[in-house]
Amino acid sequence: MFAIFLLALALQQQSAPPATGDVAPEDVIVVTAKKHKCRLSIASRVISDSEFQKRAAEWAAGRPVRVMVPAGTDYQCLAKIMFRLNDHGVKRAAFVDAPAE
């Protein structure tokens with residue numbers, strides 16, 4: 001019984017999302033979702049496809065990534081982001097609510 005508890009505890013620690021202090025500001029993706037558009041920005045600027053690919057390679061190597069989601073963002077936009085990250089080998093991203101303005 002104790003072994004099962006330790007195994008469950010170890011699995012929970014492995015799948016925990018990155019802590020707030022572990023993610024650098026340049027690794028926080030901010031989603032800007034307007035009607036029929038889903039834009040990604042980092043450090044208040046929209047990122048290009050080539051920059052996204054470069055950063056995705058770093059994130060796939062284990063660098064934590066957080067996606068800040070403003071209220072009212074379309075779920076299709078969020079799914080598109082995760083599929084795009086997955087296509088580049090990123091298996092883990094933390095989706096968090098954007099702070100209220």
# chains A, B, ... in the order shown; residues from 1 in each chain; ligands from 1

$ residues_around --residues "Arg55 of chain A" --least-positions-apart "4" --cutoff "12 Å" --atoms "only C-alpha atoms" --output "VMD selection string"
chain A and resid 26 to 29 42 47 to 51 59 to 65 85 88 to 90

$ select_by_dssp --residues "segment 26-97 of chain A" --states "alpha helix (DSSP H)" --output "PyMOL selection string"
chain A and resi 49-60+75-87

$ write_last_selection --atoms "C-alpha atoms" --output "PDB file, in the first residue's frame"
ATOM      1  CA  ASP A  49       6.534  31.452 -37.771  1.00  0.00           C
ATOM      2  CA  SER A  50      10.329  31.167 -37.869  1.00  0.00           C
ATOM      3  CA  GLU A  51      10.674  32.587 -34.356  1.00  0.00           C
ATOM      4  CA  PHE A  52       7.942  30.240 -33.135  1.00  0.00           C
ATOM      5  CA  GLN A  53       9.794  27.252 -34.632  1.00  0.00           C
ATOM      6  CA  LYS A  54      13.066  28.321 -33.000  1.00  0.00           C
ATOM      7  CA  ARG A  55      11.451  28.744 -29.594  1.00  0.00           C
ATOM      8  CA  ALA A  56       9.440  25.532 -29.972  1.00  0.00           C
ATOM      9  CA  ALA A  57      12.695  23.615 -30.427  1.00  0.00           C
ATOM     10  CA  GLU A  58      13.901  25.005 -27.079  1.00  0.00           C
ATOM     11  CA  TRP A  59      10.582  24.204 -25.413  1.00  0.00           C
ATOM     12  CA  ALA A  60      10.662  20.662 -26.812  1.00  0.00           C
ATOM     13  CA  TYR A  75     -11.160  27.010 -27.550  1.00  0.00           C
ATOM     14  CA  GLN A  76     -10.383  26.315 -31.208  1.00  0.00           C
ATOM     15  CA  CYS A  77      -7.599  28.883 -30.959  1.00  0.00           C
ATOM     16  CA  LEU A  78      -6.178  27.136 -27.871  1.00  0.00           C
ATOM     17  CA  ALA A  79      -6.411  23.745 -29.561  1.00  0.00           C
ATOM     18  CA  LYS A  80      -4.625  25.134 -32.610  1.00  0.00           C
ATOM     19  CA  ILE A  81      -1.799  26.417 -30.388  1.00  0.00           C
ATOM     20  CA  MET A  82      -1.367  23.080 -28.615  1.00  0.00           C
ATOM     21  CA  PHE A  83      -1.463  21.113 -31.877  1.00  0.00           C
ATOM     22  CA  ARG A  84       1.125  23.489 -33.310  1.00  0.00           C
ATOM     23  CA  LEU A  85       3.335  23.063 -30.231  1.00  0.00           C
ATOM     24  CA  ASN A  86       2.877  19.286 -30.430  1.00  0.00           C
ATOM     25  CA  ASP A  87       3.906  19.279 -34.095  1.00  0.00           C
TER      26      ASP A  87
END

$ atom_distance --atom1 "atom CA of Arg92 of chain A" --atom2 "atom CA of Val46 of chain A"
21.8 Å

$ residues_around --residues "Val69 of chain A" --least-positions-apart "2" --cutoff "7 Å" --atoms "only C-alpha atoms" --output "ChimeraX atom specification"
/A:30-31,67,71,73,95-98

$ write_last_selection --atoms "N, CA and C atoms" --output "PDB file, in the first residue's frame"
ATOM      1  N   VAL A  30       1.496  34.890 -25.067  1.00  0.00           N
ATOM      2  CA  VAL A  30       0.223  35.553 -24.805  1.00  0.00           C
ATOM      3  C   VAL A  30      -0.629  35.401 -26.052  1.00  0.00           C
ATOM      4  N   VAL A  31      -1.838  34.905 -25.867  1.00  0.00           N
ATOM      5  CA  VAL A  31      -2.742  34.668 -26.982  1.00  0.00           C
ATOM      6  C   VAL A  31      -3.583  35.914 -27.218  1.00  0.00           C
ATOM      7  N   VAL A  67       1.240  29.472 -21.532  1.00  0.00           N
ATOM      8  CA  VAL A  67       0.360  30.174 -22.460  1.00  0.00           C
ATOM      9  C   VAL A  67      -0.659  30.944 -21.626  1.00  0.00           C
ATOM     10  N   ALA A  71      -9.546  36.172 -21.063  1.00  0.00           N
ATOM     11  CA  ALA A  71     -10.938  35.725 -20.944  1.00  0.00           C
ATOM     12  C   ALA A  71     -11.625  35.821 -22.298  1.00  0.00           C
ATOM     13  N   THR A  73     -11.229  33.753 -24.864  1.00  0.00           N
ATOM     14  CA  THR A  73     -10.486  33.188 -25.986  1.00  0.00           C
ATOM     15  C   THR A  73     -11.181  31.925 -26.478  1.00  0.00           C
ATOM     16  N   PHE A  95      -1.350  26.213 -19.474  1.00  0.00           N
ATOM     17  CA  PHE A  95      -2.305  27.227 -19.901  1.00  0.00           C
ATOM     18  C   PHE A  95      -2.841  27.902 -18.642  1.00  0.00           C
ATOM     19  N   VAL A  96      -2.656  29.218 -18.543  1.00  0.00           N
ATOM     20  CA  VAL A  96      -3.095  29.956 -17.360  1.00  0.00           C
ATOM     21  C   VAL A  96      -3.955  31.143 -17.783  1.00  0.00           C
ATOM     22  N   ASP A  97      -4.848  31.546 -16.901  1.00  0.00           N
ATOM     23  CA  ASP A  97      -5.684  32.716 -17.167  1.00  0.00           C
ATOM     24  C   ASP A  97      -4.831  33.971 -17.113  1.00  0.00           C
ATOM     25  N   ALA A  98      -5.057  34.863 -18.046  1.00  0.00           N
ATOM     26  CA  ALA A  98      -4.352  36.143 -18.046  1.00  0.00           C
ATOM     27  C   ALA A  98      -4.881  36.992 -16.897  1.00  0.00           C
TER      28      ALA A  98
END

$ closest_residue --among "A:Cys38, A:Pro99, A:Lys91, A:Arg45" --to "Met68 of chain A" --atoms "only C-alpha atoms"
A:Pro99
